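Undergrad: The structure's right below; bear with me while I get my questions together.
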Amino acid sequence: MKIHIVNAFTTHPFGGNPAGVIPLDGPSYPEQSWLQQMAAQVNLSETAFALPLPDSDEADWALRWLTPAAEVTMCGHATLATAHVLHSAGIATGTVRFATRSGVLTTEASDDGSIRMNFPTAPLTAVPAPEGLAAALGTEPISTYETGPQVGDLLVEVADERTVRELSPDLAALVHCSNRGVIATARADHPNGDYDFVTRCFFPGVGIDEDPVTGSAHTALAPFWSARLGRDELTGLQGSARTGLVRTALRGDRTLLTGNAVTVIEGELTETTRPGR
């Protein structure tokens, strides 16, 4: 059983968002406790566990994502990382269908090495800013939106790009402001630059103080910024220390997310770390 550490939404070995990817042999998933212990051992924002589905007509693989503390409903960067591993190893070509908690998600590899993912568009509902949000985030929000059950974050528009980049939130207080975490975003300072909007994401409630690049958040950012900028196809920069670019294309109730990935570490689980040992 192999483990892969892959940096997603980047072309650089030390950029983007690292994810663990563990392709399983089947026929079923190991016990939840083993999955959670392994995710804690890998200790990245998410570890993806992919299980082949040879007898399924709807999907090619089952896919689950776990943080060091909990299982999540949707994860973009670990899906990208998994598709990258399957294609790099010659296990998959072209389109790959994943059965997940968020329904069947498809990925498609391009000749240039990028991978396009098809995710459900997050529904946005304008809500009043939760009590204590401004103090926890360290800035006054311009607008706030719930992002639906699959994403489960609070999307917060702030004044400008500089504000996003300089955020230093009170993470203990931020836990009480959303179901999962907070997406802070603003329009890019230079509209004709390499990206259209900038974002940072904080998820202390699931054990991630700041996520380097968050694919799932862009299923909410795509409709949010497309409505304001008047274009269905945009590029978002996640302004964490590692940074990464996510290309978005809004297609009604679906959002296409495109990015690159780089494998940085490959290893093998020992007998004592395999399920049931």
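Letters for chains follow the order of the structure tokens (A, B, ...), residue numbers begin at 1 for each chain, and ligand numbers begin at 1 in the order shown.
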List every residue of stretch 31-162 of chain A that DSSP, applied to the backbone of this structure, places in alpha helix (DSSP H), and write the result as JSON, numbers by chain.
TA: {"A": [32, 33, 34, 35, 36, 37, 38, 39, 40, 41, 42, 76, 77, 78, 79, 80, 81, 82, 83, 84, 85, 86, 87, 88, 133, 134, 135, 136, 137, 148, 149, 150, 151, 161, 162]}
Undergrad: Restricting it to N, CA, C and O atoms, dump the selection as a short mmCIF file (atom, residue, chain, number, x, y, z; two decimals), in the first residue's frame.
TA:
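That gives us out_6.cif:
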```cif
data_model
loop_
_atom_site.label_atom_id
_atom_site.label_comp_id
_atom_site.auth_asym_id
_atom_site.auth_seq_id
_atom_site.Cartn_x
_atom_site.Cartn_y
_atom_site.Cartn_z
N GLN A 32 -13.22 3.11 10.19
CA GLN A 32 -13.10 4.57 10.33
C GLN A 32 -11.93 4.95 11.24
O GLN A 32 -11.22 5.91 10.97
N SER A 33 -11.73 4.19 12.29
CA SER A 33 -10.66 4.52 13.25
C SER A 33 -9.29 4.46 12.58
O SER A 33 -8.43 5.30 12.86
N TRP A 34 -9.09 3.50 11.67
CA TRP A 34 -7.81 3.41 10.96
C TRP A 34 -7.63 4.60 10.01
O TRP A 34 -6.55 5.19 9.94
N LEU A 35 -8.69 4.94 9.28
CA LEU A 35 -8.61 6.08 8.38
C LEU A 35 -8.26 7.35 9.15
O LEU A 35 -7.40 8.13 8.73
N GLN A 36 -8.90 7.55 10.30
CA GLN A 36 -8.65 8.77 11.07
C GLN A 36 -7.24 8.77 11.66
O GLN A 36 -6.56 9.80 11.67
N GLN A 37 -6.77 7.62 12.13
CA GLN A 37 -5.41 7.55 12.66
C GLN A 37 -4.38 7.81 11.56
O GLN A 37 -3.37 8.49 11.80
N MET A 38 -4.64 7.30 10.36
CA MET A 38 -3.71 7.52 9.27
C MET A 38 -3.70 8.99 8.86
O MET A 38 -2.64 9.57 8.59
N ALA A 39 -4.88 9.62 8.80
CA ALA A 39 -4.94 11.04 8.46
C ALA A 39 -4.21 11.88 9.51
O ALA A 39 -3.53 12.86 9.17
N ALA A 40 -4.34 11.50 10.77
CA ALA A 40 -3.63 12.21 11.82
C ALA A 40 -2.12 12.01 11.69
O ALA A 40 -1.33 12.91 11.96
N GLN A 41 -1.71 10.79 11.29
CA GLN A 41 -0.28 10.51 11.11
C GLN A 41 0.29 11.32 9.96
O GLN A 41 1.38 11.91 10.07
N VAL A 42 -0.44 11.39 8.84
CA VAL A 42 0.02 12.19 7.70
C VAL A 42 0.06 13.66 8.08
O VAL A 42 0.96 14.41 7.67
N GLY A 76 -11.52 19.91 -2.55
CA GLY A 76 -11.07 20.07 -3.93
C GLY A 76 -9.63 19.69 -4.13
O GLY A 76 -9.28 18.97 -5.08
N HIS A 77 -8.73 20.17 -3.26
CA HIS A 77 -7.30 19.97 -3.55
C HIS A 77 -6.91 18.50 -3.42
O HIS A 77 -6.07 18.00 -4.18
N ALA A 78 -7.53 17.75 -2.48
CA ALA A 78 -7.20 16.34 -2.35
C ALA A 78 -7.81 15.51 -3.49
O ALA A 78 -7.28 14.46 -3.85
N THR A 79 -8.92 15.98 -4.07
CA THR A 79 -9.47 15.34 -5.27
C THR A 79 -8.53 15.55 -6.45
O THR A 79 -8.22 14.60 -7.20
N LEU A 80 -8.04 16.76 -6.61
CA LEU A 80 -7.06 17.05 -7.66
C LEU A 80 -5.81 16.19 -7.47
O LEU A 80 -5.28 15.60 -8.41
N ALA A 81 -5.34 16.09 -6.22
CA ALA A 81 -4.15 15.30 -5.93
C ALA A 81 -4.37 13.83 -6.26
O ALA A 81 -3.49 13.16 -6.81
N THR A 82 -5.56 13.30 -5.94
CA THR A 82 -5.86 11.90 -6.23
C THR A 82 -5.89 11.63 -7.72
O THR A 82 -5.31 10.65 -8.20
N ALA A 83 -6.56 12.50 -8.47
CA ALA A 83 -6.60 12.34 -9.93
C ALA A 83 -5.19 12.40 -10.51
O ALA A 83 -4.84 11.62 -11.41
N HIS A 84 -4.37 13.30 -9.99
CA HIS A 84 -2.98 13.41 -10.45
C HIS A 84 -2.23 12.11 -10.21
O HIS A 84 -1.50 11.63 -11.09
N VAL A 85 -2.39 11.51 -9.03
CA VAL A 85 -1.71 10.25 -8.71
C VAL A 85 -2.17 9.14 -9.66
O VAL A 85 -1.35 8.38 -10.19
N LEU A 86 -3.47 9.02 -9.88
CA LEU A 86 -3.99 7.95 -10.73
C LEU A 86 -3.50 8.09 -12.16
O LEU A 86 -3.15 7.10 -12.82
N HIS A 87 -3.45 9.33 -12.64
CA HIS A 87 -2.96 9.54 -14.01
C HIS A 87 -1.45 9.33 -14.10
O HIS A 87 -0.95 8.72 -15.04
N SER A 88 -0.71 9.82 -13.11
CA SER A 88 0.75 9.69 -13.14
C SER A 88 1.18 8.22 -13.08
O SER A 88 2.19 7.84 -13.67
N LEU A 133 -17.67 38.41 14.74
CA LEU A 133 -16.88 38.11 13.54
C LEU A 133 -15.82 39.17 13.28
O LEU A 133 -14.66 38.84 13.02
N ALA A 134 -16.19 40.45 13.32
CA ALA A 134 -15.23 41.51 13.04
C ALA A 134 -14.04 41.46 13.99
O ALA A 134 -12.88 41.59 13.58
N ALA A 135 -14.31 41.23 15.27
CA ALA A 135 -13.23 41.17 16.24
C ALA A 135 -12.36 39.94 16.01
O ALA A 135 -11.12 40.01 16.11
N ALA A 136 -13.00 38.79 15.69
CA ALA A 136 -12.24 37.56 15.49
C ALA A 136 -11.39 37.63 14.23
O ALA A 136 -10.24 37.16 14.20
N LEU A 137 -11.95 38.22 13.16
CA LEU A 137 -11.23 38.30 11.90
C LEU A 137 -10.22 39.44 11.88
O LEU A 137 -9.21 39.39 11.18
N GLY A 148 -23.95 26.88 2.11
CA GLY A 148 -24.67 25.62 1.94
C GLY A 148 -24.04 24.47 2.70
O GLY A 148 -22.91 24.56 3.19
N PRO A 149 -24.75 23.34 2.78
CA PRO A 149 -24.30 22.24 3.63
C PRO A 149 -23.05 21.52 3.15
O PRO A 149 -22.30 20.97 3.96
N GLN A 150 -22.81 21.49 1.85
CA GLN A 150 -21.65 20.73 1.37
C GLN A 150 -20.33 21.46 1.65
O GLN A 150 -19.32 20.83 1.96
N VAL A 151 -20.32 22.78 1.52
CA VAL A 151 -19.12 23.55 1.84
C VAL A 151 -19.12 23.90 3.33
O VAL A 151 -18.16 23.67 4.05
N GLU A 161 -7.61 43.72 -1.32
CA GLU A 161 -6.61 42.66 -1.34
C GLU A 161 -5.63 42.78 -0.18
O GLU A 161 -5.26 41.77 0.45
N ARG A 162 -5.21 43.98 0.11
CA ARG A 162 -4.26 44.16 1.22
C ARG A 162 -4.84 43.67 2.53
O ARG A 162 -4.14 43.03 3.34
#
```
Undergrad: Near stretch 100-107 of chain A, within 6 Å and counting only C-alpha atoms, which residues show up once chain neighbours fewer than 3 positions away are dropped, as a ChimeraX atom specification?
TA: /A:63,73,95-97,116-119
Undergrad: Please save all heavy atoms of the selected residues as a compact mmCIF listing (two decimals), in the first residue's frame.
TA:
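Now in out.txt:
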```txt
# COMPACT_ATOMS: atom_id res chain seq x y z
N LEU A 63 -14.17 7.90 -3.00
CA LEU A 63 -13.16 8.83 -2.49
C LEU A 63 -13.66 9.44 -1.18
O LEU A 63 -14.79 9.95 -1.11
CB LEU A 63 -12.89 9.93 -3.51
CG LEU A 63 -11.74 10.89 -3.21
CD1 LEU A 63 -10.41 10.15 -3.09
CD2 LEU A 63 -11.65 11.97 -4.28
N THR A 73 -16.95 16.71 4.03
CA THR A 73 -17.93 16.40 2.98
C THR A 73 -17.39 16.69 1.59
O THR A 73 -17.77 16.02 0.62
CB THR A 73 -19.22 17.21 3.22
OG1 THR A 73 -19.73 16.88 4.51
CG2 THR A 73 -20.28 16.90 2.18
N THR A 95 -11.16 10.86 -18.32
CA THR A 95 -12.10 11.23 -17.28
C THR A 95 -12.16 10.16 -16.19
O THR A 95 -12.20 8.97 -16.49
CB THR A 95 -13.51 11.43 -17.87
OG1 THR A 95 -13.46 12.48 -18.85
CG2 THR A 95 -14.51 11.80 -16.79
N VAL A 96 -12.15 10.61 -14.93
CA VAL A 96 -12.27 9.70 -13.79
C VAL A 96 -13.47 10.17 -12.97
O VAL A 96 -13.61 11.36 -12.68
CB VAL A 96 -11.01 9.70 -12.91
CG1 VAL A 96 -11.18 8.73 -11.75
CG2 VAL A 96 -9.78 9.34 -13.73
N ARG A 97 -14.32 9.24 -12.56
CA ARG A 97 -15.51 9.54 -11.77
C ARG A 97 -15.30 9.05 -10.34
O ARG A 97 -14.96 7.88 -10.12
CB ARG A 97 -16.74 8.87 -12.38
CG ARG A 97 -17.00 9.25 -13.83
CD ARG A 97 -18.03 8.32 -14.46
NE ARG A 97 -17.56 6.93 -14.43
CZ ARG A 97 -18.35 5.86 -14.67
NH1 ARG A 97 -19.64 6.04 -14.94
NH2 ARG A 97 -17.85 4.65 -14.62
N ARG A 116 -9.08 19.25 -14.71
CA ARG A 116 -10.32 19.99 -14.51
C ARG A 116 -11.29 19.13 -13.73
O ARG A 116 -11.54 17.97 -14.08
CB ARG A 116 -10.93 20.39 -15.85
CG ARG A 116 -12.20 21.26 -15.69
CD ARG A 116 -12.72 21.71 -17.05
NE ARG A 116 -13.18 20.58 -17.83
CZ ARG A 116 -13.58 20.66 -19.10
NH1 ARG A 116 -13.53 21.83 -19.72
NH2 ARG A 116 -14.00 19.60 -19.75
N MET A 117 -11.85 19.70 -12.67
CA MET A 117 -12.78 18.99 -11.80
C MET A 117 -14.17 19.60 -11.93
O MET A 117 -14.32 20.82 -12.03
CB MET A 117 -12.30 19.06 -10.35
CG MET A 117 -10.90 18.54 -10.13
SD MET A 117 -10.39 18.61 -8.39
CE MET A 117 -10.27 20.38 -8.15
N ASN A 118 -15.18 18.75 -11.87
CA ASN A 118 -16.57 19.17 -11.98
C ASN A 118 -17.23 18.98 -10.62
O ASN A 118 -17.46 17.85 -10.18
CB ASN A 118 -17.28 18.34 -13.05
CG ASN A 118 -18.67 18.84 -13.35
OD1 ASN A 118 -19.43 19.18 -12.45
ND2 ASN A 118 -19.04 18.86 -14.63
N PHE A 119 -17.55 20.11 -9.95
CA PHE A 119 -18.09 20.10 -8.59
C PHE A 119 -19.45 20.78 -8.57
O PHE A 119 -19.75 21.62 -9.45
CB PHE A 119 -17.15 20.85 -7.65
CG PHE A 119 -16.04 20.02 -7.07
CD1 PHE A 119 -15.16 19.33 -7.87
CD2 PHE A 119 -15.88 19.93 -5.69
CE1 PHE A 119 -14.14 18.56 -7.34
CE2 PHE A 119 -14.86 19.17 -5.14
CZ PHE A 119 -13.99 18.48 -5.96
```
Undergrad: Would you list the contacts of A:Ser114 as a PyMOL selection string, taking every protein, DNA or RNA residue within 6 Å and counting only C-alpha atoms, but skipping same-chain residues closer than 4 positions in sequence?
TA: chain A and resi 110+259-260
Undergrad: Write out as a compact mmCIF listing (two decimals) with N, CA and C atoms, in the first residue's frame which residues come within 9 Å of A:Arg231 when counting only C-alpha atoms, dropping same-chain ones fewer than 5 positions away.
TA:
```
# COMPACT_ATOMS: atom_id res chain seq x y z
N TRP A 225 -17.97 35.86 -7.24
CA TRP A 225 -17.22 36.84 -8.03
C TRP A 225 -17.68 36.93 -9.48
N SER A 226 -18.22 35.85 -10.03
CA SER A 226 -18.75 35.93 -11.39
C SER A 226 -19.90 36.92 -11.47
N ALA A 249 -14.74 28.07 -13.63
CA ALA A 249 -15.69 28.30 -14.72
C ALA A 249 -17.07 27.94 -14.21
N LEU A 250 -17.94 28.92 -14.14
CA LEU A 250 -19.29 28.72 -13.61
C LEU A 250 -20.19 28.17 -14.71
```
Undergrad: Tell me, which residues of stretch 9-225 of chain A carry DSSP strand (DSSP E or B), written as a PyMOL selection string?
TA: chain A and resi 17-23+46-52+61-66+71-72+95-100+103-109+115-120+125-126+143-146+153-157+181-187+197-203+208-211
Undergrad: Which polymer residues have any atom within 7 Å of an atom of A:Phe197, counting only C-alpha atoms, with same-chain residues fewer than 4 positions away left out, as a list in words?
TA: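 The filter keeps Ala186, Arg187, Ala188, Gly236 and Leu237 of chain A.
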Undergrad: Print the selection's residues with all heavy atoms to a file, as a PDB file, in the first residue's frame.
TA:
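The resulting file, part_6.pdb, is shown below:
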```pdb
ATOM      1  N   ALA A 186     -11.504  39.234  -1.384  1.00  0.00           N
ATOM      2  CA  ALA A 186     -11.611  40.598  -1.917  1.00  0.00           C
ATOM      3  C   ALA A 186     -11.220  40.579  -3.389  1.00  0.00           C
ATOM      4  O   ALA A 186     -10.529  39.661  -3.861  1.00  0.00           O
ATOM      5  CB  ALA A 186     -10.712  41.561  -1.149  1.00  0.00           C
ATOM      6  N   ARG A 187     -11.675  41.599  -4.094  1.00  0.00           N
ATOM      7  CA  ARG A 187     -11.296  41.749  -5.499  1.00  0.00           C
ATOM      8  C   ARG A 187      -9.798  42.026  -5.610  1.00  0.00           C
ATOM      9  O   ARG A 187      -9.209  42.672  -4.740  1.00  0.00           O
ATOM     10  CB  ARG A 187     -12.095  42.897  -6.108  1.00  0.00           C
ATOM     11  CG  ARG A 187     -11.911  43.073  -7.617  1.00  0.00           C
ATOM     12  CD  ARG A 187     -12.747  44.209  -8.148  1.00  0.00           C
ATOM     13  NE  ARG A 187     -14.158  44.057  -7.807  1.00  0.00           N
ATOM     14  CZ  ARG A 187     -15.147  44.650  -8.480  1.00  0.00           C
ATOM     15  NH1 ARG A 187     -14.887  45.438  -9.506  1.00  0.00           N
ATOM     16  NH2 ARG A 187     -16.397  44.471  -8.098  1.00  0.00           N
ATOM     17  N   ALA A 188      -9.177  41.534  -6.671  1.00  0.00           N
ATOM     18  CA  ALA A 188      -7.759  41.796  -6.899  1.00  0.00           C
ATOM     19  C   ALA A 188      -7.524  43.284  -7.099  1.00  0.00           C
ATOM     20  O   ALA A 188      -8.351  43.988  -7.696  1.00  0.00           O
ATOM     21  CB  ALA A 188      -7.270  41.018  -8.113  1.00  0.00           C
ATOM     22  N   GLY A 236      -8.663  32.611  -9.305  1.00  0.00           N
ATOM     23  CA  GLY A 236      -8.508  33.051  -7.931  1.00  0.00           C
ATOM     24  C   GLY A 236      -7.120  32.740  -7.410  1.00  0.00           C
ATOM     25  O   GLY A 236      -6.565  31.684  -7.702  1.00  0.00           O
ATOM     26  N   LEU A 237      -6.572  33.667  -6.644  1.00  0.00           N
ATOM     27  CA  LEU A 237      -5.305  33.456  -5.943  1.00  0.00           C
ATOM     28  C   LEU A 237      -5.605  33.246  -4.473  1.00  0.00           C
ATOM     29  O   LEU A 237      -6.270  34.078  -3.847  1.00  0.00           O
ATOM     30  CB  LEU A 237      -4.380  34.652  -6.101  1.00  0.00           C
ATOM     31  CG  LEU A 237      -3.116  34.613  -5.229  1.00  0.00           C
ATOM     32  CD1 LEU A 237      -2.130  33.574  -5.751  1.00  0.00           C
ATOM     33  CD2 LEU A 237      -2.454  35.986  -5.145  1.00  0.00           C
TER      34      LEU A 237
END
```
Undergrad: Pick the closest to A:Asp209 from A:Gly132, A:Pro23, A:Pro169, A:Gly252: which is it, counting only C-alpha atoms?
TA: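 With only C-alpha atoms as the atom set, the closest residue is A:Pro169.
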Undergrad: In Å, rounded to a single decimal, give me how far atom CA of A:Arg228 is from atom CA of A:Ala241.
TA: 26.8 Å
Undergrad: Neighbouring residues of A:Val6 were defined as those with any atom within 9 Å, considering only C-alpha atoms; residues of the same chain fewer than 5 positions away were excluded. Please report them as a ChimeraX atom specification.
TA: /A:13,17-21,78,81-82,84-85,261-266
Undergrad: Please produce a file of the residues just selected, as a tab-separated table (two decimals), in the first residue's frame, where the atoms kept are N, CA and C atoms.
TA:
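And here's result_6.tsv as it stands now:
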```tsv
chain	number	residue	atom	x	y	z
A	13	PRO	N	7.17	22.42	-6.56
A	13	PRO	CA	7.20	21.37	-5.55
A	13	PRO	C	6.92	21.83	-4.14
A	17	ASN	N	-1.25	23.39	-2.09
A	17	ASN	CA	-1.76	22.75	-0.87
A	17	ASN	C	-1.38	21.28	-0.88
A	18	PRO	N	-0.59	20.82	0.10
A	18	PRO	CA	-0.21	19.41	0.12
A	18	PRO	C	-1.35	18.52	0.61
A	19	ALA	N	-1.49	17.38	-0.02
A	19	ALA	CA	-2.49	16.39	0.38
A	19	ALA	C	-1.84	15.01	0.39
A	20	GLY	N	-2.26	14.19	1.32
A	20	GLY	CA	-1.89	12.78	1.28
A	20	GLY	C	-2.88	12.04	0.40
A	21	VAL	N	-2.38	11.10	-0.39
A	21	VAL	CA	-3.24	10.26	-1.24
A	21	VAL	C	-2.87	8.80	-1.00
A	78	ALA	N	-7.53	17.75	-2.48
A	78	ALA	CA	-7.20	16.34	-2.35
A	78	ALA	C	-7.81	15.51	-3.49
A	81	ALA	N	-5.34	16.09	-6.22
A	81	ALA	CA	-4.15	15.30	-5.93
A	81	ALA	C	-4.37	13.83	-6.26
A	82	THR	N	-5.56	13.30	-5.94
A	82	THR	CA	-5.86	11.90	-6.23
A	82	THR	C	-5.89	11.63	-7.72
A	84	HIS	N	-4.37	13.30	-9.99
A	84	HIS	CA	-2.98	13.41	-10.45
A	84	HIS	C	-2.23	12.11	-10.21
A	85	VAL	N	-2.39	11.51	-9.03
A	85	VAL	CA	-1.71	10.25	-8.71
A	85	VAL	C	-2.17	9.14	-9.66
A	261	ALA	N	-0.85	19.88	-10.37
A	261	ALA	CA	-0.39	19.23	-9.15
A	261	ALA	C	1.00	18.65	-9.37
A	262	VAL	N	1.74	18.50	-8.27
A	262	VAL	CA	3.10	17.99	-8.31
A	262	VAL	C	3.26	16.97	-7.18
A	263	THR	N	3.72	15.77	-7.50
A	263	THR	CA	4.03	14.78	-6.47
A	263	THR	C	5.41	15.09	-5.90
A	264	VAL	N	5.50	15.20	-4.57
A	264	VAL	CA	6.78	15.54	-3.94
A	264	VAL	C	7.36	14.38	-3.13
A	265	ILE	N	6.51	13.46	-2.66
A	265	ILE	CA	6.99	12.32	-1.88
A	265	ILE	C	6.16	11.09	-2.23
A	266	GLU	N	6.81	9.97	-2.39
A	266	GLU	CA	6.13	8.69	-2.53
A	266	GLU	C	6.74	7.72	-1.54
```
Undergrad: For A:Gly207, work out the shell of residues within 9 Å, counting only C-alpha atoms and skipping chain neighbours fewer than 6 positions away, then give it as a PDB file with N, CA, C and O atoms, in the first residue's frame.
TA:
```
ATOM      1  N   SER A  45      -3.649  18.974   5.736  1.00  0.00           N
ATOM      2  CA  SER A  45      -5.020  19.466   5.852  1.00  0.00           C
ATOM      3  C   SER A  45      -6.028  18.399   5.457  1.00  0.00           C
ATOM      4  O   SER A  45      -7.095  18.286   6.068  1.00  0.00           O
ATOM      5  N   THR A  67      -9.373  15.164   7.513  1.00  0.00           N
ATOM      6  CA  THR A  67      -8.376  16.032   8.128  1.00  0.00           C
ATOM      7  C   THR A  67      -7.752  15.254   9.286  1.00  0.00           C
ATOM      8  O   THR A  67      -8.183  14.142   9.602  1.00  0.00           O
ATOM      9  N   PRO A  68      -6.750  15.811   9.965  1.00  0.00           N
ATOM     10  CA  PRO A  68      -6.224  15.118  11.148  1.00  0.00           C
ATOM     11  C   PRO A  68      -7.255  14.932  12.254  1.00  0.00           C
ATOM     12  O   PRO A  68      -7.046  14.118  13.156  1.00  0.00           O
ATOM     13  N   ALA A  69      -8.390  15.664  12.184  1.00  0.00           N
ATOM     14  CA  ALA A  69      -9.365  15.610  13.269  1.00  0.00           C
ATOM     15  C   ALA A  69     -10.734  15.072  12.864  1.00  0.00           C
ATOM     16  O   ALA A  69     -11.493  14.627  13.726  1.00  0.00           O
ATOM     17  N   ALA A  70     -11.082  15.109  11.550  1.00  0.00           N
ATOM     18  CA  ALA A  70     -12.452  14.763  11.174  1.00  0.00           C
ATOM     19  C   ALA A  70     -12.541  14.457   9.685  1.00  0.00           C
ATOM     20  O   ALA A  70     -11.685  14.862   8.890  1.00  0.00           O
TER      21      ALA A  70
END
```
Undergrad: Report, in Å with one decimal, the straight-line distance from atom CA of A:Arg254 to atom CA of A:Ile5.
TA: 28.0 Å
Undergrad: Name the closest residue to A:Asp211 among the candidates A:Gly16, A:Met74, A:His4, A:His176; distances are taken between atoms, counting only C-alpha atoms.
TA: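 So, comparing all the options, the nearest one is A:Gly16.
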Undergrad: Looking at A:Pro141, A:Leu171, A:Gly276, A:Gly15, which one is nearest to A:Ala159, with distances taken over only C-alpha atoms?
TA: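 Closest candidate: A:Pro141.
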Undergrad: With only C-alpha atoms as the atoms that count, which of A:Lys2, A:Leu66, A:Ala173, A:Thr11 lies nearest to A:Ala89?
TA: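 So, comparing all the options, the nearest one is A:Lys2.
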